[in-house]
file work16.cif (mmCIF, C-alpha atoms)
data_protein
loop_
_atom_site.label_atom_id
_atom_site.label_comp_id
_atom_site.auth_asym_id
_atom_site.auth_seq_id
_atom_site.Cartn_x
_atom_site.Cartn_y
_atom_site.Cartn_z
CA MET A 2 149.92 57.03 195.89
CA LYS A 3 152.84 58.12 193.72
CA GLU A 4 152.06 59.96 190.50
CA GLY A 5 153.62 57.22 188.40
CA SER A 6 151.37 54.56 189.91
CA LYS A 7 148.17 56.36 188.98
CA ARG A 8 145.96 54.97 186.26
CA LYS A 9 146.03 57.27 183.25
CA VAL A 10 142.71 58.23 181.64
CA LEU A 11 142.70 59.91 178.25
CA PHE A 12 139.69 62.21 177.94
CA VAL A 13 138.49 62.89 174.40
CA HIS A 14 136.71 66.21 173.90
CA GLY A 15 136.27 68.08 170.62
CA ILE A 16 134.51 71.32 171.61
CA THR A 17 136.62 74.42 172.17
CA GLU A 18 134.05 76.56 174.01
CA ILE A 19 133.08 76.20 177.66
CA GLY A 20 129.50 75.31 178.52
CA GLY A 21 127.91 73.14 181.20
CA ALA A 22 129.52 69.91 179.98
CA GLU A 23 132.94 71.53 179.93
CA ARG A 24 132.53 73.04 183.40
CA GLU A 25 131.67 69.59 184.71
CA LEU A 26 134.61 68.07 182.84
CA LEU A 27 136.99 70.54 184.48
CA GLY A 28 135.64 69.55 187.89
CA ILE A 29 136.21 65.86 187.13
CA LEU A 30 139.73 66.49 185.84
CA GLU A 31 140.72 68.39 188.97
CA SER A 32 139.21 65.75 191.29
CA LEU A 33 140.54 62.55 189.70
CA PRO A 34 144.16 62.74 190.96
CA ARG A 35 142.88 62.48 194.55
CA TYR A 36 141.42 59.08 193.67
CA GLY A 37 144.45 57.57 192.00
CA TYR A 38 143.88 58.65 188.40
CA CYS A 39 146.03 60.78 186.10
CA PRO A 40 143.86 62.58 183.51
CA VAL A 41 145.08 63.79 180.13
CA VAL A 42 142.82 65.60 177.66
CA ALA A 43 142.91 65.19 173.88
CA CYS A 44 141.27 68.33 172.48
CA PRO A 45 141.71 71.09 169.87
CA SER A 46 144.74 73.30 170.44
CA ASP A 47 143.00 76.64 170.88
CA GLY A 48 139.89 78.15 172.40
CA PRO A 49 138.63 78.83 175.93
CA LEU A 50 138.78 75.17 177.04
CA ALA A 51 142.43 74.73 176.03
CA GLU A 52 143.27 78.00 177.78
CA GLU A 53 141.50 76.90 180.95
CA LEU A 54 143.25 73.51 180.94
CA THR A 55 146.59 75.29 180.68
CA ARG A 56 145.65 77.71 183.46
CA ARG A 57 144.78 74.79 185.73
CA SER A 58 147.93 72.81 184.75
CA ILE A 59 145.87 69.90 183.42
CA PRO A 60 147.86 67.95 180.79
CA ARG A 61 146.45 68.17 177.27
CA LYS A 62 147.37 66.88 173.84
CA GLU A 63 146.36 68.45 170.57
CA ALA A 64 143.95 66.46 168.43
CA MET A 65 141.65 67.28 165.52
CA PHE A 66 137.96 66.42 165.64
CA VAL A 67 135.47 66.52 162.79
CA PRO A 68 131.66 66.24 162.76
CA TRP A 69 131.29 62.54 162.10
CA ARG A 70 127.96 62.68 160.30
CA LYS A 71 128.50 65.87 158.31
CA LEU A 72 129.32 65.36 154.64
CA TRP A 73 131.92 68.13 154.63
CA GLY A 74 133.85 66.39 157.40
CA TYR A 75 134.12 63.08 155.55
CA LEU A 76 137.42 63.86 153.80
CA GLN A 77 139.00 64.92 157.09
CA ARG A 78 138.13 61.73 158.93
CA PRO A 79 141.35 59.79 158.16
CA ALA A 80 143.58 62.60 159.42
CA ALA A 81 141.47 63.04 162.55
CA ILE A 82 141.64 59.31 163.31
CA ARG A 83 145.41 59.21 162.76
CA GLY A 84 145.94 62.20 165.02
CA LEU A 85 143.94 60.72 167.89
CA ARG A 86 145.62 57.33 167.38
CA GLN A 87 149.01 59.01 167.72
CA VAL A 88 147.93 60.56 171.04
CA ILE A 89 146.75 57.15 172.27
CA ASP A 90 150.02 55.50 171.27
CA THR A 91 152.05 58.23 172.96
CA GLU A 92 150.06 58.35 176.20
CA GLN A 93 149.27 54.64 176.58
CA PRO A 94 146.22 55.25 178.81
CA SER A 95 144.44 52.61 180.87
CA PHE A 96 141.26 53.54 179.02
CA LEU A 97 139.58 56.38 177.08
CA HIS A 98 136.79 58.54 178.43
CA VAL A 99 134.95 60.12 175.48
CA ASN A 100 133.20 63.16 176.93
CA ASP A 101 130.23 63.19 174.54
CA ILE A 102 128.73 60.98 171.86
CA TRP A 103 129.96 63.04 168.90
CA TRP A 104 133.50 61.64 169.04
CA VAL A 105 132.73 57.98 169.79
CA PRO A 106 133.07 56.75 166.17
CA GLN A 107 136.43 58.53 165.81
CA ALA A 108 137.67 57.15 169.15
CA LEU A 109 136.58 53.60 168.26
CA ARG A 110 138.56 53.70 165.03
CA ALA A 111 141.58 55.37 166.60
CA ALA A 112 141.70 52.69 169.32
CA THR A 113 141.29 49.75 166.93
CA GLY A 114 143.93 47.09 167.57
CA ARG A 115 145.22 48.85 170.70
CA GLY A 116 143.35 46.72 173.23
CA ILE A 117 142.12 49.88 175.00
CA SER A 118 138.66 50.05 176.51
CA ILE A 119 136.38 53.03 175.92
CA ALA A 120 133.90 54.77 178.20
CA ALA A 121 131.44 57.13 176.51
CA HIS A 122 129.62 59.90 178.37
CA VAL A 123 126.11 60.62 177.07
CA ARG A 124 125.31 64.16 178.15
CA GLN A 125 122.20 64.95 176.13
CA GLU A 126 118.74 63.59 175.67
CA ILE A 127 119.10 60.92 173.02
CA GLU A 128 116.61 59.06 170.88
CA PRO A 129 117.13 55.28 170.73
CA SER A 130 117.79 55.57 166.97
CA LYS A 131 120.91 57.65 167.62
CA VAL A 132 122.48 54.90 169.70
CA SER A 133 123.41 52.97 166.57
CA ARG A 134 124.40 56.11 164.62
CA TYR A 135 127.11 56.84 167.17
CA GLU A 136 127.98 53.17 167.74
CA LEU A 137 127.38 53.36 171.47
CA ALA A 138 126.65 49.64 171.75
CA ARG A 139 130.29 48.99 170.77
CA VAL A 140 131.90 50.76 173.72
CA ASP A 141 132.73 49.06 177.01
CA LEU A 142 131.00 51.51 179.36
CA VAL A 143 128.28 54.06 178.68
CA ILE A 144 127.86 56.77 181.30
CA ALA A 145 124.31 58.14 181.25
CA ILE A 146 123.69 61.56 182.74
CA SER A 147 120.16 60.62 183.89
CA GLU A 148 117.81 57.68 184.29
CA GLN A 149 115.86 58.91 181.27
CA VAL A 150 119.04 58.73 179.18
CA ARG A 151 119.78 55.25 180.56
CA TRP A 152 116.36 54.08 179.38
CA SER A 153 116.92 55.47 175.87
CA LEU A 154 120.34 53.81 175.63
CA GLN A 155 118.95 50.43 176.58
CA MET A 156 116.04 50.83 174.17
CA GLY A 157 118.67 51.59 171.51
CA GLY A 158 120.54 48.33 172.09
CA VAL A 159 123.18 49.05 174.76
CA ARG A 160 123.45 46.10 177.13
CA PRO A 161 122.07 47.03 180.60
CA GLU A 162 125.22 45.92 182.44
CA ARG A 163 127.28 48.38 180.41
CA VAL A 164 125.24 51.47 181.37
CA ARG A 165 125.86 53.43 184.58
CA VAL A 166 124.05 56.61 185.65
CA VAL A 167 126.33 59.38 186.89
CA TYR A 168 124.46 62.52 187.89
CA SER A 169 126.28 65.79 187.36
CA GLY A 170 127.72 67.43 190.43
CA ILE A 171 128.92 70.96 191.13
CA ASP A 172 131.28 72.64 193.56
CA CYS A 173 128.82 74.43 195.81
CA SER A 174 131.59 76.12 197.80
CA THR A 175 132.02 78.62 194.97
CA LEU A 176 128.29 79.32 194.57
CA SER A 177 126.88 81.53 197.30
CA SER A 178 123.18 82.25 197.68
CA ASP A 179 124.09 85.56 199.38
CA ASP A 180 125.43 87.27 196.24
CA SER A 181 123.02 90.07 195.31
CA GLY A 182 124.16 90.27 191.69
CA GLN A 183 124.16 94.08 191.71
CA GLN A 184 127.57 94.32 190.03
CA ALA A 185 126.40 92.19 187.09
CA LYS A 186 123.17 94.19 186.85
CA SER A 187 125.15 97.42 186.75
CA ARG A 188 127.55 96.05 184.12
CA LEU A 189 124.61 95.05 181.92
CA GLY A 190 122.80 98.33 182.39
CA LEU A 191 119.87 96.71 184.19
CA PRO A 192 117.77 98.92 186.47
CA THR A 193 118.25 98.20 190.17
CA HIS A 194 114.51 97.53 190.51
CA ALA A 195 114.44 95.06 187.58
CA LEU A 196 113.06 91.56 188.12
CA VAL A 197 115.49 89.44 186.12
CA LEU A 198 114.69 86.07 184.64
CA GLY A 199 117.57 84.39 182.88
CA THR A 200 118.95 81.36 181.13
CA VAL A 201 122.52 80.02 180.98
CA ALA A 202 123.02 77.70 178.00
CA ASN A 203 124.74 77.53 174.64
CA LEU A 204 122.81 79.33 171.92
CA PHE A 205 121.23 76.42 170.06
CA SER A 206 117.61 76.02 169.07
CA ARG A 207 117.21 72.91 171.22
CA LYS A 208 117.75 75.14 174.27
CA GLY A 209 114.39 76.79 173.56
CA TYR A 210 115.36 80.46 173.89
CA HIS A 211 112.86 81.36 171.18
CA VAL A 212 110.01 79.87 173.25
CA LEU A 213 110.88 82.15 176.16
CA LEU A 214 111.00 85.17 173.83
CA GLN A 215 107.54 84.23 172.54
CA ALA A 216 106.35 84.18 176.15
CA LEU A 217 107.98 87.49 177.06
CA PRO A 218 105.23 89.91 175.83
CA ARG A 219 102.70 88.21 178.08
CA ILE A 220 105.17 88.18 180.99
CA LEU A 221 105.83 91.91 180.56
CA ALA A 222 102.11 92.65 180.47
CA SER A 223 101.84 91.24 183.99
CA VAL A 224 105.30 92.02 185.40
CA GLN A 225 106.32 95.35 183.88
CA GLN A 226 109.77 95.45 185.53
CA ALA A 227 110.82 92.07 184.05
CA HIS A 228 114.03 91.73 182.02
CA TYR A 229 115.45 88.62 180.33
CA LEU A 230 119.17 87.81 180.61
CA VAL A 231 120.75 85.39 178.11
CA VAL A 232 124.16 83.99 179.04
CA GLY A 233 125.85 81.85 176.40
CA LYS A 234 127.36 81.61 172.95
CA GLY A 235 126.84 79.14 170.12
CA ASP A 236 125.06 79.14 166.76
CA THR A 237 125.57 82.60 165.23
CA GLU A 238 122.58 82.23 162.93
CA TYR A 239 120.33 81.21 165.83
CA GLU A 240 121.47 84.25 167.81
CA ARG A 241 120.56 86.47 164.84
CA ARG A 242 117.13 84.83 164.75
CA LEU A 243 116.66 85.50 168.47
CA ARG A 244 117.63 89.15 168.16
CA SER A 245 115.31 89.56 165.18
CA LEU A 246 112.46 87.83 167.04
CA ALA A 247 112.94 90.12 170.04
CA ARG A 248 112.64 93.15 167.74
CA GLU A 249 109.56 91.74 166.02
CA LEU A 250 107.88 91.13 169.38
CA GLY A 251 108.77 94.60 170.62
CA VAL A 252 110.79 93.30 173.58
CA ALA A 253 114.36 93.94 172.38
CA ASP A 254 114.96 96.53 175.09
CA ARG A 255 114.16 93.90 177.73
CA VAL A 256 116.44 91.16 176.38
CA HIS A 257 120.14 91.27 177.30
CA PHE A 258 122.70 89.04 175.55
CA ALA A 259 125.73 88.64 177.82
CA GLY A 260 127.57 86.19 175.54
CA PHE A 261 130.00 83.57 176.84
CA GLN A 262 131.14 84.13 180.41
CA PRO A 263 134.02 82.15 181.99
CA SER A 264 132.24 82.46 185.34
CA VAL A 265 128.46 82.34 185.33
CA GLN A 266 128.05 82.95 189.07
CA PRO A 267 127.72 86.77 188.88
CA TYR A 268 125.06 86.42 186.19
CA LEU A 269 123.10 83.78 188.08
CA ALA A 270 123.29 86.07 191.10
CA ALA A 271 121.70 88.84 189.03
CA MET A 272 118.68 86.63 188.31
CA ASP A 273 115.57 86.66 190.46
CA LEU A 274 114.29 83.55 188.67
CA TYR A 275 116.11 80.95 186.59
CA VAL A 276 114.25 79.75 183.48
CA HIS A 277 115.30 76.73 181.46
CA PRO A 278 113.05 76.50 178.36
CA ALA A 279 114.90 73.62 176.67
CA LEU A 280 113.27 71.46 174.01
CA MET A 281 115.87 68.74 174.61
CA GLU A 282 118.17 68.37 177.62
CA GLY A 283 120.09 65.41 178.96
CA PHE A 284 120.34 66.84 182.46
CA GLY A 285 120.87 70.59 182.91
CA ILE A 286 124.01 71.59 184.80
CA ALA A 287 123.05 75.27 184.73
CA VAL A 288 119.82 74.33 186.50
CA LEU A 289 121.90 72.81 189.30
CA GLU A 290 124.10 75.91 189.47
CA ALA A 291 121.07 78.18 189.73
CA MET A 292 119.53 76.01 192.46
CA ALA A 293 122.85 75.99 194.35
CA MET A 294 122.66 79.77 194.39
CA GLY A 295 119.21 79.67 195.91
CA ARG A 296 117.29 80.54 192.76
CA ALA A 297 113.84 79.14 192.10
CA VAL A 298 113.53 77.45 188.72
CA VAL A 299 110.99 77.25 185.92
CA ALA A 300 111.98 74.45 183.55
CA THR A 301 110.56 72.16 180.90
CA VAL A 302 109.73 68.48 181.30
CA VAL A 303 112.50 67.13 179.08
CA GLY A 304 115.27 64.58 179.56
CA GLY A 305 116.68 64.45 183.05
CA VAL A 306 115.38 67.86 184.17
CA PRO A 307 112.50 66.34 186.20
CA GLU A 308 115.12 64.31 188.07
CA ILE A 309 116.57 67.62 189.31
CA VAL A 310 113.62 69.98 189.72
CA ARG A 311 110.83 68.87 192.03
CA HIS A 312 107.62 70.48 190.82
CA GLY A 313 106.04 72.62 193.51
CA GLU A 314 109.03 72.19 195.83
CA THR A 315 112.13 73.63 194.13
CA GLY A 316 110.46 75.12 191.08
CA LEU A 317 107.78 74.67 188.45
CA LEU A 318 107.84 72.30 185.46
CA VAL A 319 106.00 73.01 182.21
CA PRO A 320 105.65 71.22 178.85
CA SER A 321 108.43 71.97 176.36
CA GLY A 322 107.62 74.31 173.49
CA ASP A 323 104.53 75.73 175.27
CA SER A 324 105.07 79.49 175.53
CA GLU A 325 101.72 80.04 177.26
CA ALA A 326 102.47 77.56 180.05
CA LEU A 327 105.98 78.97 180.37
CA ALA A 328 104.65 82.52 180.67
CA SER A 329 102.11 81.51 183.32
CA ALA A 330 104.74 79.78 185.47
CA VAL A 331 107.16 82.70 185.21
CA ILE A 332 104.45 85.23 186.07
CA ASP A 333 103.36 83.15 189.07
CA LEU A 334 106.84 83.05 190.59
CA LEU A 335 107.85 86.62 189.72
CA SER A 336 104.65 87.75 191.42
CA GLU A 337 105.23 85.69 194.59
CA PRO A 338 108.59 86.60 196.15
CA GLU A 339 108.05 84.52 199.30
CA ARG A 340 107.23 81.38 197.33
CA ARG A 341 110.18 82.08 195.04
CA ALA A 342 112.50 82.36 198.04
CA GLN A 343 111.10 79.16 199.56
CA PHE A 344 111.73 77.26 196.31
CA GLY A 345 115.24 78.72 196.20
CA ARG A 346 116.09 77.51 199.71
CA ALA A 347 114.70 74.04 199.00
CA GLY A 348 116.63 73.87 195.73
CA ARG A 349 119.95 74.71 197.37
CA GLU A 350 119.36 72.08 200.04
CA ARG A 351 118.60 69.50 197.34
CA VAL A 352 121.81 70.26 195.44
CA LEU A 353 123.91 70.13 198.62
CA LYS A 354 122.41 66.72 199.41
CA ASP A 355 122.40 64.98 196.04
CA PHE A 356 124.36 66.88 193.38
CA THR A 357 127.78 67.78 194.75
CA VAL A 358 131.10 67.02 193.08
CA GLU A 359 131.72 64.44 195.79
CA ALA A 360 128.46 62.64 194.98
CA MET A 361 129.26 62.73 191.26
CA MET A 362 132.79 61.43 191.79
CA GLY A 363 131.50 58.55 193.91
CA GLN A 364 129.20 57.49 191.08
CA LEU A 365 131.89 58.01 188.44
CA LEU A 366 134.49 56.00 190.35
CA GLY A 367 131.97 53.20 190.74
CA ALA A 368 131.49 53.23 186.97
CA TYR A 369 135.27 53.21 186.43
CA ASP A 370 135.60 50.28 188.85
CA SER A 371 133.08 48.28 186.85
CA LEU A 372 135.06 48.99 183.68
CA LEU A 373 138.40 48.06 185.24
CA VAL A 374 136.98 44.79 186.58
CA ARG A 375 135.78 43.98 183.07
CA ILE A 376 139.23 44.81 181.67
CA GLN A 377 140.99 42.62 184.24
CA THR A 378 138.55 39.75 183.65
CA HIS A 379 139.18 39.97 179.90
CA LEU A 380 142.97 40.00 180.39
CA ALA A 381 142.79 36.98 182.69
CA THR A 382 140.74 35.12 180.09
CA VAL A 383 143.20 35.99 177.32
CA ILE A 384 146.23 34.93 179.41
CA SER A 385 144.67 31.64 180.45
#
call {"tool": "encode", "arguments": {"input": "work16.cif", "output": "structure tokens"}}
result
Amino acid sequence: MKEGSKRKVLFVHGITEIGGAERELLGILESLPRYGYCPVVACPSDGPLAEELTRRSIPRKEAMFVPWRKLWGYLQRPAAIRGLRQVIDTEQPSFLHVNDIWWVPQALRAATGRGISIAAHVRQEIEPSKVSRYELARVDLVIAISEQVRWSLQMGGVRPERVRVVYSGIDCSTLSSDDSGQQAKSRLGLPTHALVLGTVANLFSRKGYHVLLQALPRILASVQQAHYLVVGKGDTEYERRLRSLARELGVADRVHFAGFQPSVQPYLAAMDLYVHPALMEGFGIAVLEAMAMGRAVVATVVGGVPEIVRHGETGLLVPSGDSEALASAVIDLLSEPERRAQFGRAGRERVLKDFTVEAMMGQLLGAYDSLLVRIQTHLATVIS
């Protein structure tokens, strides 16, 4: 298929940092041209994501995004809408793919009168009440990252035929279970004999880092060589709270903040156990990445996480916000290396079977097909 004959999709994404959602987005953007689509990204002009798009030669257009429901962003709304509308008019895409709920209201207003359909990706656990706040029932296609998210969307008023589940997928060819992680341990100053539990996620309270810190004194009492590795960047105030909490609990020397890392593989390799203590989570891409690297997982029963982690087979699931249950599960697996290795092998096999980029793209293209059929049906009705 010639480049000019490809359908153009304008992706709308307002976050400049790179987390799990952005890593998945990059995978989608690089895969789409093979399937007859030409992706363009409307995003802020600077930051790690813009740099990575440039490095990968993925077309991007500058656009301003403001927090839709924050009072201080209200005065900037008109300019943000005009800027995105200008990108739409210039690019003339077949449809928009809004990469998270936060920018749906802006995209709806920017596309008004343009006859352009909108797909919205819902990447986090969402309460039915938020469906109306972000006007998700008004878009033409809602892509849910899990069955749990699909249920919430429908409870919030999105018509069932407009919701499609697309599980996240990762490129397993770049994630080897043979990497020992010694280089990352050395870089972080971790002892070679350390048993490392770790989390990869943006630093926000909903990720539950504080719950793991509250569990850490009990973990250290049973597993004296344990260290906790935190990989991510986000809310500066929350990070200060975490560092203060670690000092208060007397575990600061066992907690290592690695910050944002463009490649998380070396840090996952340094972990003996992956822990995901989230209070809310739509799916959990970092959980997939850890499983792909053969790491056993301890995670909370939130959002779509139970659709990834099979309790007692690839890891252990515990209630969210329960530091005692979290500590017990971590201690169990840190103390049982054979069971931990067995869970790790089973987890990698599960990812290779169900959560590859190819599997994700098959589901996404099916969702796109449903949208394009709806567009064509509407055009035929208008013409007739």
call {"tool": "closest_atom_pairs", "arguments": {"input": "work16.cif", "of": "region 122-179 of chain A", "to": "region 289-303 of chain A", "cutoff": "12 Å", "atoms": "all atoms listed in the file", "output": "CSV"}}
result
residue,atom,partner,partner_atom,distance
A:Gln125,CA,A:Val303,CA,10.4
A:Glu126,CA,A:Val303,CA,7.9
A:Ile127,CA,A:Val303,CA,10.9
A:Ser147,CA,A:Val303,CA,11.1
A:Gln149,CA,A:Val303,CA,9.1
A:Val150,CA,A:Val303,CA,10.6
A:Tyr168,CA,A:Leu289,CA,10.7
A:Ser169,CA,A:Leu289,CA,8.5
A:Gly170,CA,A:Leu289,CA,8.0
A:Ile171,CA,A:Glu290,CA,7.1
A:Asp172,CA,A:Glu290,CA,8.9
A:Cys173,CA,A:Ala293,CA,6.3
A:Ser174,CA,A:Ala293,CA,9.4
A:Thr175,CA,A:Met294,CA,9.4
A:Leu176,CA,A:Met294,CA,5.7
A:Ser177,CA,A:Met294,CA,5.4
A:Ser178,CA,A:Met294,CA,4.2
A:Asp179,CA,A:Met294,CA,7.8
call {"tool": "residues_around", "arguments": {"input": "work16.cif", "residues": "region 248-250 of chain A", "least_positions_apart": "5", "cutoff": "10 Å", "atoms": "all atoms listed in the file", "output": "list in words"}}
result
Leu214, Gln215, Ala216, Leu217, Pro218, Arg242, Leu243 and Val256 of chain A
call {"tool": "closest_residue", "arguments": {"input": "work16.cif", "among": "A:Leu318, A:Val88, A:Leu154, A:Val13", "to": "Pro106 (chain A)", "atoms": "all atoms listed in the file"}}
result
A:Val13
call {"tool": "atom_distance", "arguments": {"input": "work16.cif", "atom1": "CA of Val140 (chain A)", "atom2": "CA of Ile19 (chain A)"}}
result
25.8 Å
call {"tool": "residues_around", "arguments": {"input": "work16.cif", "residues": "region 228-241 of chain A", "least_positions_apart": "6", "cutoff": "9 Å", "atoms": "all atoms listed in the file", "output": "ChimeraX atom specification"}}
result
/A:18,20,191,195-206,210,213-214,217,221,254-262,265,268,271-272
call {"tool": "closest_residue", "arguments": {"input": "work16.cif", "among": "A:Arg340, A:Arg24, A:Lys186, A:Arg70", "to": "Val358 (chain A)", "atoms": "only C-alpha atoms"}}
result
A:Arg24
call {"tool": "resolve_selection", "arguments": {"input": "work16.cif", "expression": "the PyMOL selection byres ((chain A and resi 341) around 9)", "output": "short mmCIF file (atom, residue, chain, number, x, y, z; two decimals) with C-alpha atoms, in the frame of the given file"}}
result
data_model
loop_
_atom_site.label_atom_id
_atom_site.label_comp_id
_atom_site.auth_asym_id
_atom_site.auth_seq_id
_atom_site.Cartn_x
_atom_site.Cartn_y
_atom_site.Cartn_z
CA ASP A 273 115.57 86.66 190.46
CA LEU A 274 114.29 83.55 188.67
CA ARG A 296 117.29 80.54 192.76
CA ALA A 297 113.84 79.14 192.10
CA VAL A 298 113.53 77.45 188.72
CA THR A 315 112.13 73.63 194.13
CA GLY A 316 110.46 75.12 191.08
CA LEU A 334 106.84 83.05 190.59
CA LEU A 335 107.85 86.62 189.72
CA SER A 336 104.65 87.75 191.42
CA GLU A 337 105.23 85.69 194.59
CA PRO A 338 108.59 86.60 196.15
CA GLU A 339 108.05 84.52 199.30
CA ARG A 340 107.23 81.38 197.33
CA ALA A 342 112.50 82.36 198.04
CA GLN A 343 111.10 79.16 199.56
CA PHE A 344 111.73 77.26 196.31
CA GLY A 345 115.24 78.72 196.20
CA ARG A 346 116.09 77.51 199.71
#
call {"tool": "resolve_selection", "arguments": {"input": "work16.cif", "expression": "the PyMOL selection byres ((chain A and resi 139) around 10)", "output": "VMD selection string"}}
result
chain A and resid 105 to 106 109 119 132 to 133 135 to 138 140 to 143 158 to 160
call {"tool": "residues_near_point", "arguments": {"input": "work16.cif", "point": "(148.7, 65.2, 183.4)", "cutoff": "6 Å", "atoms": "only C-alpha atoms", "output": "PyMOL selection string"}}
result
chain A and resi 39-41+59-60
call {"tool": "resolve_selection", "arguments": {"input": "work16.cif", "expression": "the PyMOL selection byres ((chain A and resi 99) around 8)", "output": "PDB file with C-alpha atoms, in the coordinates of the input"}}
result
ATOM      1  CA  PHE A  12     139.690  62.210 177.940  1.00  0.00           C
ATOM      2  CA  VAL A  13     138.490  62.890 174.400  1.00  0.00           C
ATOM      3  CA  HIS A  14     136.710  66.210 173.900  1.00  0.00           C
ATOM      4  CA  LEU A  97     139.580  56.380 177.080  1.00  0.00           C
ATOM      5  CA  HIS A  98     136.790  58.540 178.430  1.00  0.00           C
ATOM      6  CA  ASN A 100     133.200  63.160 176.930  1.00  0.00           C
ATOM      7  CA  ASP A 101     130.230  63.190 174.540  1.00  0.00           C
ATOM      8  CA  ILE A 102     128.730  60.980 171.860  1.00  0.00           C
ATOM      9  CA  TRP A 104     133.500  61.640 169.040  1.00  0.00           C
ATOM     10  CA  VAL A 105     132.730  57.980 169.790  1.00  0.00           C
ATOM     11  CA  ALA A 108     137.670  57.150 169.150  1.00  0.00           C
ATOM     12  CA  ILE A 119     136.380  53.030 175.920  1.00  0.00           C
ATOM     13  CA  ALA A 120     133.900  54.770 178.200  1.00  0.00           C
ATOM     14  CA  ALA A 121     131.440  57.130 176.510  1.00  0.00           C
ATOM     15  CA  HIS A 122     129.620  59.900 178.370  1.00  0.00           C
TER      16      HIS A 122
END
call {"tool": "atom_distance", "arguments": {"input": "work16.cif", "atom1": "CA of Gly285 (chain A)", "atom2": "CA of Asp370 (chain A)"}}
result
25.8 Å
call {"tool": "atom_distance", "arguments": {"input": "work16.cif", "atom1": "CA of Ala43 (chain A)", "atom2": "CA of Glu63 (chain A)"}}
result
5.8 Å
call {"tool": "closest_residue", "arguments": {"input": "work16.cif", "among": "A:Pro267, A:Ile309, A:Gly37, A:Arg207", "to": "Leu189 (chain A)", "atoms": "all atoms listed in the file"}}
result
A:Pro267
call {"tool": "residues_near_point", "arguments": {"input": "work16.cif", "point": "(143.1, 53.9, 158.7)", "cutoff": "9 Å", "atoms": "all atoms listed in the file", "output": "list in words"}}
result
Pro79, Ala80, Ile82, Arg83, Arg110 and Ala111 of chain A
call {"tool": "residues_around", "arguments": {"input": "work16.cif", "residues": "Ile89 (chain A)", "least_positions_apart": "3", "cutoff": "9 Å", "atoms": "all atoms listed in the file", "output": "list in words"}}
result
Leu11, Gly84, Leu85, Arg86, Glu92, Gln93, Pro94, Leu97, Ala111, Ala112 and Arg115 of chain A
call {"tool": "closest_residue", "arguments": {"input": "work16.cif", "among": "A:Glu350, A:Glu53, A:Glu325, A:Glu128", "to": "Val212 (chain A)", "atoms": "all atoms listed in the file"}}
result
A:Glu325
call {"tool": "closest_residue", "arguments": {"input": "work16.cif", "among": "A:Pro49, A:Gly15, A:Gly28, A:Gly182", "to": "Met65 (chain A)", "atoms": "all atoms listed in the file"}}
result
A:Gly15
call {"tool": "closest_residue", "arguments": {"input": "work16.cif", "among": "A:Arg165, A:Arg78, A:Arg35, A:His277", "to": "Glu359 (chain A)", "atoms": "all atoms listed in the file"}}
result
A:Arg35
call {"tool": "build_atoms", "arguments": {"input": "work16.cif", "residues": "region 157-168 of chain A", "atoms": "N, CA and C atoms", "output": "tab-separated table (two decimals), in the coordinates of the input"}}
result
chain	number	residue	atom	x	y	z
A	157	GLY	N	117.91	51.53	172.75
A	157	GLY	CA	118.67	51.59	171.51
A	157	GLY	C	119.64	50.44	171.31
A	158	GLY	N	119.72	49.53	172.29
A	158	GLY	CA	120.54	48.33	172.09
A	158	GLY	C	121.77	48.21	172.95
A	159	VAL	N	122.03	49.18	173.85
A	159	VAL	CA	123.18	49.05	174.76
A	159	VAL	C	122.82	48.06	175.86
A	160	ARG	N	123.71	47.11	176.12
A	160	ARG	CA	123.45	46.10	177.13
A	160	ARG	C	123.34	46.75	178.51
A	161	PRO	N	122.32	46.38	179.30
A	161	PRO	CA	122.07	47.03	180.60
A	161	PRO	C	123.28	47.05	181.52
A	162	GLU	N	124.08	45.98	181.53
A	162	GLU	CA	125.22	45.92	182.44
A	162	GLU	C	126.34	46.88	182.04
A	163	ARG	N	126.24	47.45	180.86
A	163	ARG	CA	127.28	48.38	180.41
A	163	ARG	C	126.88	49.85	180.60
A	164	VAL	N	125.71	50.10	181.17
A	164	VAL	CA	125.24	51.47	181.37
A	164	VAL	C	125.27	51.80	182.86
A	165	ARG	N	125.86	52.94	183.20
A	165	ARG	CA	125.86	53.43	184.58
A	165	ARG	C	125.40	54.88	184.58
A	166	VAL	N	124.51	55.22	185.51
A	166	VAL	CA	124.05	56.61	185.65
A	166	VAL	C	125.00	57.36	186.56
A	167	VAL	N	125.49	58.49	186.08
A	167	VAL	CA	126.33	59.38	186.89
A	167	VAL	C	125.71	60.78	186.80
A	168	TYR	N	125.04	61.18	187.86
A	168	TYR	CA	124.46	62.52	187.89
A	168	TYR	C	125.56	63.57	187.96
